[in-house]
Every structure is written in structure tokens, then in C-alpha cells.
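Q: This one is start_18.cif, mmCIF, C-alpha atoms.
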```cif
data_work
#
loop_
_atom_site.label_atom_id
_atom_site.label_comp_id
_atom_site.auth_asym_id
_atom_site.auth_seq_id
_atom_site.Cartn_x
_atom_site.Cartn_y
_atom_site.Cartn_z
CA ARG D 1 0.52 -1.93 -17.51
CA ALA D 2 1.70 0.30 -14.65
CA LEU D 3 4.80 1.37 -16.60
CA ALA D 4 2.75 2.27 -19.69
CA LEU D 5 0.41 4.35 -17.50
CA LEU D 6 3.37 6.03 -15.75
CA ARG D 7 4.78 7.02 -19.13
CA ALA D 8 1.37 8.29 -20.25
CA ALA D 9 1.03 10.36 -17.05
CA ASP D 10 4.53 11.74 -17.61
CA ALA D 11 3.68 12.77 -21.18
CA SER D 12 0.21 14.14 -20.30
CA GLY D 13 1.32 17.52 -19.03
CA LEU D 14 -0.81 16.88 -15.93
CA TRP D 15 1.98 15.69 -13.61
CA PRO D 16 1.54 17.76 -10.42
CA ALA D 17 4.24 20.14 -9.21
CA ASN D 18 6.41 18.86 -6.37
CA SER D 19 5.52 20.04 -2.90
CA ALA D 20 8.10 22.36 -1.35
CA THR D 21 9.02 19.64 1.16
CA ARG D 22 9.52 16.95 -1.49
CA ALA D 23 11.40 19.34 -3.80
CA ARG D 24 14.03 19.83 -1.08
CA ILE D 25 15.01 16.13 -1.21
CA ILE D 26 15.13 15.75 -5.00
CA ALA D 27 18.57 16.36 -6.52
CA GLY D 28 18.53 19.28 -8.96
CA ASP D 29 20.15 17.59 -11.94
CA ALA D 30 17.88 15.78 -14.39
CA PRO D 31 19.15 12.38 -15.49
CA ARG D 32 21.42 12.43 -18.52
CA GLY D 33 21.86 9.78 -21.14
CA GLY D 34 19.59 8.26 -23.72
CA GLY D 35 16.33 9.70 -22.43
CA ASP D 36 13.32 7.46 -22.08
CA LYS D 37 13.23 5.49 -25.31
CA ALA D 38 9.71 4.14 -24.82
CA SER D 39 8.10 7.55 -24.31
CA GLY D 40 10.38 9.36 -26.75
CA ALA D 41 11.51 11.85 -24.11
CA ALA D 42 14.88 13.45 -24.77
CA PRO D 43 17.36 13.71 -21.88
CA ALA D 44 16.69 17.43 -21.34
CA GLU D 45 12.96 16.69 -20.98
CA LEU D 46 13.38 14.30 -18.04
CA GLN D 47 12.37 16.34 -15.01
CA GLY D 48 12.22 14.81 -11.54
CA GLY D 49 8.79 14.76 -9.96
CA THR D 50 6.73 13.09 -7.26
CA PHE D 51 3.12 12.97 -6.09
CA ALA D 52 0.93 10.77 -3.91
CA VAL D 53 -2.21 8.75 -4.60
CA GLY D 54 -4.46 6.86 -2.20
CA SER D 55 -5.54 7.86 1.29
CA MET D 56 -4.22 10.57 3.58
CA PRO D 57 -4.75 10.73 7.34
CA PRO D 58 -7.32 13.17 8.73
CA PRO D 59 -7.60 16.11 8.53
CA LEU D 60 -5.88 15.99 5.12
CA GLU D 61 -7.93 15.72 1.94
CA PRO D 62 -7.37 12.86 -0.54
CA PRO D 63 -4.77 13.71 -3.18
CA ARG D 64 -6.19 15.36 -6.32
CA ALA D 65 -4.15 12.86 -8.32
CA ASN D 66 -6.61 10.14 -7.24
CA GLU D 67 -9.02 11.57 -9.80
CA THR D 68 -6.52 12.84 -12.37
CA PHE D 69 -4.67 9.52 -12.52
CA PHE D 70 -7.33 7.05 -11.37
CA GLU D 71 -6.36 4.32 -13.84
CA LEU D 72 -2.68 4.65 -12.88
CA MET D 73 -3.56 4.52 -9.17
CA ALA D 74 -5.64 1.35 -9.64
CA ALA D 75 -2.92 -0.34 -11.71
CA CYS D 76 -0.25 0.50 -9.13
CA PHE D 77 -2.27 -0.82 -6.19
CA GLU D 78 -2.89 -4.00 -8.23
CA LEU D 79 0.85 -4.23 -8.92
CA GLU D 80 1.59 -4.18 -5.17
CA SER D 81 -0.63 -7.23 -4.66
CA LEU D 82 1.11 -9.04 -7.54
CA LEU D 83 4.64 -8.21 -6.36
CA VAL D 84 4.15 -9.20 -2.71
CA PRO D 85 0.86 -11.12 -2.34
CA ASP D 86 1.32 -11.72 1.40
CA ARG D 87 1.89 -8.04 2.21
CA PRO D 88 -1.04 -6.22 3.85
CA PRO D 89 -2.42 -3.79 1.23
CA SER D 90 -1.07 -0.26 1.49
CA SER D 91 -3.25 2.85 1.58
CA THR D 92 -0.91 5.24 -0.19
CA ILE D 93 1.66 5.34 -3.01
CA ALA D 94 4.41 7.86 -3.70
CA VAL D 95 4.64 7.99 -7.50
CA ASN D 96 8.03 9.22 -8.72
CA ARG D 97 9.38 10.07 -12.18
CA HIS D 98 13.04 10.60 -12.97
CA ALA D 99 13.63 11.66 -9.34
CA ARG D 100 16.99 11.21 -7.66
CA PHE D 101 16.35 11.60 -3.96
CA THR D 102 19.05 12.87 -1.63
CA PRO D 103 19.68 11.16 1.76
CA HIS D 104 16.57 11.44 3.94
CA THR D 105 14.10 9.64 6.15
CA ASP D 106 10.42 9.92 5.32
CA SER D 107 8.24 12.44 7.11
CA GLY D 108 5.07 14.33 6.46
CA ALA D 109 1.45 13.26 6.62
CA GLY D 110 0.71 10.77 9.34
CA ALA D 111 3.77 11.27 11.56
CA GLY D 112 4.74 7.65 11.09
CA GLN D 113 4.08 4.92 8.59
CA SER D 114 4.16 1.22 7.87
CA THR D 115 7.06 -0.57 6.22
CA SER D 116 7.62 0.82 2.73
CA LEU D 117 7.76 -1.26 -0.44
CA ILE D 118 9.61 0.18 -3.43
CA VAL D 119 10.16 -0.91 -7.01
CA ALA D 120 11.69 1.03 -9.90
CA LEU D 121 10.50 0.62 -13.48
CA GLY D 122 11.70 1.88 -16.84
CA ASP D 123 14.56 1.95 -19.30
CA PHE D 124 17.49 3.17 -17.20
CA THR D 125 20.88 2.21 -15.80
CA GLY D 126 22.07 2.94 -12.26
CA GLY D 127 19.47 4.36 -9.90
CA GLU D 128 19.95 1.89 -7.09
CA LEU D 129 18.40 2.68 -3.72
CA VAL D 130 20.81 3.03 -0.80
CA VAL D 131 19.30 2.12 2.58
CA GLU D 132 21.49 2.85 5.60
CA GLY D 133 24.59 2.49 3.41
CA GLU D 134 23.51 -0.76 1.71
CA VAL D 135 23.15 -0.52 -2.07
CA CYS D 136 19.94 -2.24 -3.27
CA ASP D 137 19.01 -2.86 -6.89
CA VAL D 138 15.28 -2.06 -7.06
CA ARG D 139 14.94 -2.08 -10.86
CA TYR D 140 12.05 -4.54 -11.27
CA ARG D 141 13.04 -5.96 -7.84
CA PRO D 142 10.71 -4.97 -5.00
CA LEU D 143 12.30 -4.14 -1.65
CA GLU D 144 10.70 -3.59 1.75
CA PHE D 145 12.39 -1.21 4.18
CA ASN D 146 11.45 1.23 6.92
CA GLY D 147 11.53 4.60 5.18
CA TRP D 148 10.43 6.36 8.36
CA THR D 149 13.50 5.30 10.37
CA GLN D 150 16.07 4.18 7.78
CA ARG D 151 18.03 6.84 5.90
CA HIS D 152 17.77 6.23 2.15
CA TRP D 153 18.55 7.85 -1.19
CA THR D 154 18.85 7.21 -4.92
CA LEU D 155 22.14 6.76 -6.75
CA PRO D 156 22.64 8.62 -10.05
CA PHE D 157 21.07 7.05 -13.13
CA GLN D 158 20.68 7.51 -16.86
CA GLY D 159 17.44 7.12 -18.76
CA GLY D 160 13.77 7.10 -17.80
CA ARG D 161 13.34 5.89 -14.20
CA TYR D 162 9.99 5.65 -12.43
CA SER D 163 9.55 4.35 -8.91
CA LEU D 164 6.57 3.44 -6.78
CA VAL D 165 6.69 3.46 -2.99
CA TRP D 166 3.75 1.84 -1.21
CA PHE D 167 3.10 2.60 2.47
CA THR D 168 0.36 3.28 4.99
CA PRO D 169 0.64 6.54 6.96
CA LYS D 170 -0.32 6.53 10.61
CA GLY D 171 -4.03 7.26 10.69
CA CYS D 172 -4.74 5.30 7.48
CA GLU D 173 -4.47 1.81 8.93
CA GLY D 174 -7.15 -0.48 7.50
CA LYS D 175 -7.65 1.74 4.43
CA SER D 176 -6.69 -0.42 1.45
CA GLY D 177 -5.80 1.42 -1.74
CA LEU D 178 -7.43 -1.35 -3.75
CA GLU D 179 -10.64 -0.87 -1.76
CA LEU D 180 -10.47 2.90 -2.36
CA CYS D 181 -10.23 2.22 -6.10
CA ARG D 182 -13.24 -0.13 -5.96
CA GLU D 183 -15.26 2.49 -4.05
CA MET D 184 -14.36 5.20 -6.58
CA ALA D 185 -15.25 2.90 -9.49
CA LEU D 186 -18.61 2.05 -7.90
CA LYS D 187 -19.49 5.73 -7.94
CA GLY D 188 -19.53 5.30 -11.72
CA LYS D 189 -17.13 8.12 -12.41
CA TYR D 190 -13.99 6.04 -12.88
CA THR D 191 -12.94 2.81 -14.54
CA ASN D 192 -9.79 0.79 -14.17
CA GLY D 193 -9.30 0.37 -17.91
CA ASN D 194 -10.43 -3.26 -17.93
#
```
Have the structure of the file written as C-alpha cells, please.
A:
Amino acid sequence: RALALLRAADASGLWPANSATRARIIAGDAPRGGGDKASGAAPAELQGGTFAVGSMPPPLEPPRANETFFELMAACFELESLLVPDRPPSSTIAVNRHARFTPHTDSGAGAGQSTSLIVALGDFTGGELVVEGEVCDVRYRPLEFNGWTQRHWTLPFQGGRYSLVWFTPKGCEGKSGLELCREMALKGKYTNGN
């Protein structure tokens, strides 16, 4: 379900622009190859992008994408609990499409974060995550690592690659993304598609 909603978000024309900070760590070349067969995107149409959903530490406002992509957010927080049931629920997700990240450590909101959990989804080859020099296949294989202290990046890939990175920024401890989704749904404005 999460992959179908990622593809729908990608095709919607509503995918937010990358922040200047995030744009600096995304490699400029779009993936080449067969495109994303499931969404029908041609190779030239695959543009790297990233945005966040969930909670942000004060004084930051919640991401606008929480409302724009509510169903996707709910499905992705549910996916975290299915992938690693014993993991404490995260408050925030970095949602990435066709993005090849250059070597970096995470920074930004919260000035610190919990252990990250990443998984990549889609119809692609390559695209492994390198963490401190160790190549890790994250295609449908979740991996926990410390994105705040461990240098990491994405290897080149072909095709449609989406990745989800769950974490809890400092200042958001105890704020479950699943609980945020329940609270938003209770307000009657949103549904989780079920």
C-alpha cells in the first residue's frame, strides 16, 4: 500500500520542492534506465525529491505534507510498525523519490535524532545504501543505523526508487507518528483510506 501511495504522490504534481539544505546532498543526475514501470514514468521524468511528514520539534511548524499526503503518511507509519514491531514508534519520516544522496550525516531540525530506520521500495536496480563504507542492500530490507553520526549515501541506481527514513528528532521524543495520524483522523478531516 505504501508503494502505491508513493507512486500516486509522485504522479500527483503535488510533491514539494526540496529544501535548499536537502537539495545540496542530492546528486544532480536523475536515474537512467527503464523508468518506473508501475507508474509509467519515463527515465527523463524521474526527478529526485524529498520531504518530511510527522512531527517537528518546537518552534517548527508541522510539515504541510502531513495534510497534503495524509493517507501516505498514515500508511508509512503503519509500515514501520510492520517492518520492525519491537522498534519504538518514530515521530517523523523523510520521504524520498528517485533521490541519490551524496555522502553526508543528518542534520537539521532537532539537532540530534534517534536511530534511523530505512527501507527502499520500487522497481529499480542498484541504489544500495553505504553506511561508513559498508554497502547495505535496503531494497525491501529495512536497516537501522545512526544517520546523525554515521556518514551515509546512496549508490547509483536505475529505475523508480523510493525510500522511507523513520526517525525521531530531538524534541519530538514521545510523539508517535501513528498517534499523530489518529489525532488528525479524529478531527474528521482525514481518513487513512480504510
Q: Using only C-alpha atoms, which residues sit within 12 Å of D:Cys172 once same-chain residues fewer than 2 positions away are excluded, as a list in words?
A: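 That gives Gly54, Ser55, Met56, Pro57, Pro58, Pro59, Leu60, Pro62, Pro89, Ser90, Ser91, Thr92, Ala109, Gly110, Ala111, Gly112, Gln113, Ser114, Phe167, Thr168, Pro169, Lys170, Gly174, Lys175, Ser176, Gly177 and Leu180 of chain D.
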Q: Go ahead and fit an axis-aligned box to every listed atom of stretch 57-68 of chain D plus 4 Å each side, and pass me the centre and edge lengths in Å, one decimal, as AutoDock Vina command-line options.
A:
```
--center_x -6.6 --center_y 13.1 --center_z -1.8 --size_x 12.9 --size_y 14.0 --size_z 29.1
```
Q: What is the distance between atom CA of D:His104 and atom CA of D:Pro88, in Å to one decimal?
A: 24.9 Å
Q: Name the residues within 9 Å of (13.1, 8.4, 4.6), counting only C-alpha atoms in the file's coordinates, and put them as a count of residues only.
A: 13
Q: Care to translate the PyMOL selection byres ((chain D and resi 121) around 12) into actual residues of this file, as JSON, numbers by chain?
A: {"D": [1, 2, 3, 4, 5, 6, 7, 36, 38, 76, 79, 95, 96, 97, 98, 118, 119, 120, 122, 123, 124, 125, 126, 127, 128, 137, 138, 139, 140, 141, 142, 159, 160, 161, 162, 163, 164, 165]}
Q: Which one of D:Ala8, D:Ala185, D:Leu46, D:Leu82 sits closest to D:Asn66 if you count only C-alpha atoms?
A: D:Ala185
Q: What does the distance from atom CA of D:Leu83 to atom CA of D:Ala99 come to in Å, to one decimal?
A: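 Separating atom CA of D:Leu83 from atom CA of D:Ala99 is a distance of 22.0 Å.
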Q: Report, in Å to a single decimal, how far apart atom CA of D:Leu129 and atom CA of D:Ala23 are.
A: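 Spanning atom CA of D:Ala23 to atom CA of D:Leu129 is a straight-line distance of 18.1 Å.
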Q: Can you turn the PyMOL selection byres ((chain D and resi 25) around 6) into a concrete residue list for this file, as a count of residues only?
A: 6
Q: Write stretch 125-136 of chain D as a PDB file, in the coordinates of the input, completed to all heavy atoms.
A:
```pdb
ATOM      1  N   THR D 125      19.755   2.891 -16.447  1.00  0.00           N
ATOM      2  CA  THR D 125      20.880   2.210 -15.800  1.00  0.00           C
ATOM      3  C   THR D 125      21.223   2.995 -14.537  1.00  0.00           C
ATOM      4  O   THR D 125      20.992   4.201 -14.470  1.00  0.00           O
ATOM      5  CB  THR D 125      22.117   2.129 -16.721  1.00  0.00           C
ATOM      6  OG1 THR D 125      22.485   3.453 -17.120  1.00  0.00           O
ATOM      7  CG2 THR D 125      21.827   1.283 -17.958  1.00  0.00           C
ATOM      8  N   GLY D 126      21.783   2.302 -13.539  1.00  0.00           N
ATOM      9  CA  GLY D 126      22.070   2.940 -12.260  1.00  0.00           C
ATOM     10  C   GLY D 126      20.794   3.044 -11.451  1.00  0.00           C
ATOM     11  O   GLY D 126      19.897   2.219 -11.553  1.00  0.00           O
ATOM     12  N   GLY D 127      20.696   4.090 -10.636  1.00  0.00           N
ATOM     13  CA  GLY D 127      19.470   4.360  -9.900  1.00  0.00           C
ATOM     14  C   GLY D 127      19.165   3.414  -8.761  1.00  0.00           C
ATOM     15  O   GLY D 127      18.008   3.302  -8.345  1.00  0.00           O
ATOM     16  N   GLU D 128      20.195   2.770  -8.219  1.00  0.00           N
ATOM     17  CA  GLU D 128      19.950   1.890  -7.090  1.00  0.00           C
ATOM     18  C   GLU D 128      19.503   2.709  -5.879  1.00  0.00           C
ATOM     19  O   GLU D 128      19.790   3.893  -5.763  1.00  0.00           O
ATOM     20  CB  GLU D 128      21.226   1.100  -6.726  1.00  0.00           C
ATOM     21  CG  GLU D 128      21.681   0.110  -7.763  1.00  0.00           C
ATOM     22  CD  GLU D 128      22.561   0.704  -8.861  1.00  0.00           C
ATOM     23  OE1 GLU D 128      22.776   1.948  -8.867  1.00  0.00           O
ATOM     24  OE2 GLU D 128      23.047  -0.060  -9.708  1.00  0.00           O
ATOM     25  N   LEU D 129      18.793   2.064  -4.972  1.00  0.00           N
ATOM     26  CA  LEU D 129      18.400   2.680  -3.720  1.00  0.00           C
ATOM     27  C   LEU D 129      19.451   2.313  -2.670  1.00  0.00           C
ATOM     28  O   LEU D 129      19.858   1.148  -2.580  1.00  0.00           O
ATOM     29  CB  LEU D 129      17.032   2.154  -3.267  1.00  0.00           C
ATOM     30  CG  LEU D 129      16.496   2.716  -1.961  1.00  0.00           C
ATOM     31  CD1 LEU D 129      16.067   4.176  -2.143  1.00  0.00           C
ATOM     32  CD2 LEU D 129      15.337   1.874  -1.451  1.00  0.00           C
ATOM     33  N   VAL D 130      19.892   3.293  -1.912  1.00  0.00           N
ATOM     34  CA  VAL D 130      20.810   3.030  -0.800  1.00  0.00           C
ATOM     35  C   VAL D 130      20.001   3.173   0.483  1.00  0.00           C
ATOM     36  O   VAL D 130      19.347   4.193   0.705  1.00  0.00           O
ATOM     37  CB  VAL D 130      22.000   4.016  -0.807  1.00  0.00           C
ATOM     38  CG1 VAL D 130      22.943   3.704   0.365  1.00  0.00           C
ATOM     39  CG2 VAL D 130      22.744   3.963  -2.133  1.00  0.00           C
ATOM     40  N   VAL D 131      20.011   2.123   1.299  1.00  0.00           N
ATOM     41  CA  VAL D 131      19.300   2.120   2.580  1.00  0.00           C
ATOM     42  C   VAL D 131      20.326   1.897   3.677  1.00  0.00           C
ATOM     43  O   VAL D 131      20.950   0.834   3.737  1.00  0.00           O
ATOM     44  CB  VAL D 131      18.215   1.013   2.630  1.00  0.00           C
ATOM     45  CG1 VAL D 131      17.501   1.036   3.972  1.00  0.00           C
ATOM     46  CG2 VAL D 131      17.225   1.157   1.482  1.00  0.00           C
ATOM     47  N   GLU D 132      20.523   2.932   4.495  1.00  0.00           N
ATOM     48  CA  GLU D 132      21.490   2.850   5.600  1.00  0.00           C
ATOM     49  C   GLU D 132      22.855   2.353   5.114  1.00  0.00           C
ATOM     50  O   GLU D 132      23.491   1.514   5.748  1.00  0.00           O
ATOM     51  CB  GLU D 132      20.958   1.947   6.720  1.00  0.00           C
ATOM     52  CG  GLU D 132      19.772   2.518   7.467  1.00  0.00           C
ATOM     53  CD  GLU D 132      20.127   3.726   8.331  1.00  0.00           C
ATOM     54  OE1 GLU D 132      21.261   3.840   8.807  1.00  0.00           O
ATOM     55  OE2 GLU D 132      19.222   4.567   8.513  1.00  0.00           O
ATOM     56  N   GLY D 133      23.283   2.842   3.949  1.00  0.00           N
ATOM     57  CA  GLY D 133      24.590   2.490   3.410  1.00  0.00           C
ATOM     58  C   GLY D 133      24.633   1.240   2.556  1.00  0.00           C
ATOM     59  O   GLY D 133      25.634   0.963   1.907  1.00  0.00           O
ATOM     60  N   GLU D 134      23.561   0.460   2.524  1.00  0.00           N
ATOM     61  CA  GLU D 134      23.510  -0.760   1.710  1.00  0.00           C
ATOM     62  C   GLU D 134      22.886  -0.455   0.358  1.00  0.00           C
ATOM     63  O   GLU D 134      21.763   0.049   0.276  1.00  0.00           O
ATOM     64  CB  GLU D 134      22.699  -1.847   2.418  1.00  0.00           C
ATOM     65  CG  GLU D 134      22.648  -3.148   1.641  1.00  0.00           C
ATOM     66  CD  GLU D 134      21.812  -4.224   2.325  1.00  0.00           C
ATOM     67  OE1 GLU D 134      21.518  -4.096   3.518  1.00  0.00           O
ATOM     68  OE2 GLU D 134      21.454  -5.185   1.626  1.00  0.00           O
ATOM     69  N   VAL D 135      23.631  -0.766  -0.716  1.00  0.00           N
ATOM     70  CA  VAL D 135      23.150  -0.520  -2.070  1.00  0.00           C
ATOM     71  C   VAL D 135      22.195  -1.650  -2.477  1.00  0.00           C
ATOM     72  O   VAL D 135      22.549  -2.830  -2.390  1.00  0.00           O
ATOM     73  CB  VAL D 135      24.332  -0.427  -3.067  1.00  0.00           C
ATOM     74  CG1 VAL D 135      23.823  -0.248  -4.495  1.00  0.00           C
ATOM     75  CG2 VAL D 135      25.262   0.717  -2.677  1.00  0.00           C
ATOM     76  N   CYS D 136      20.982  -1.273  -2.912  1.00  0.00           N
ATOM     77  CA  CYS D 136      19.940  -2.240  -3.270  1.00  0.00           C
ATOM     78  C   CYS D 136      19.444  -1.974  -4.679  1.00  0.00           C
ATOM     79  O   CYS D 136      18.990  -0.862  -4.978  1.00  0.00           O
ATOM     80  CB  CYS D 136      18.769  -2.131  -2.292  1.00  0.00           C
ATOM     81  SG  CYS D 136      19.217  -2.279  -0.551  1.00  0.00           S
TER      82      CYS D 136
END
```
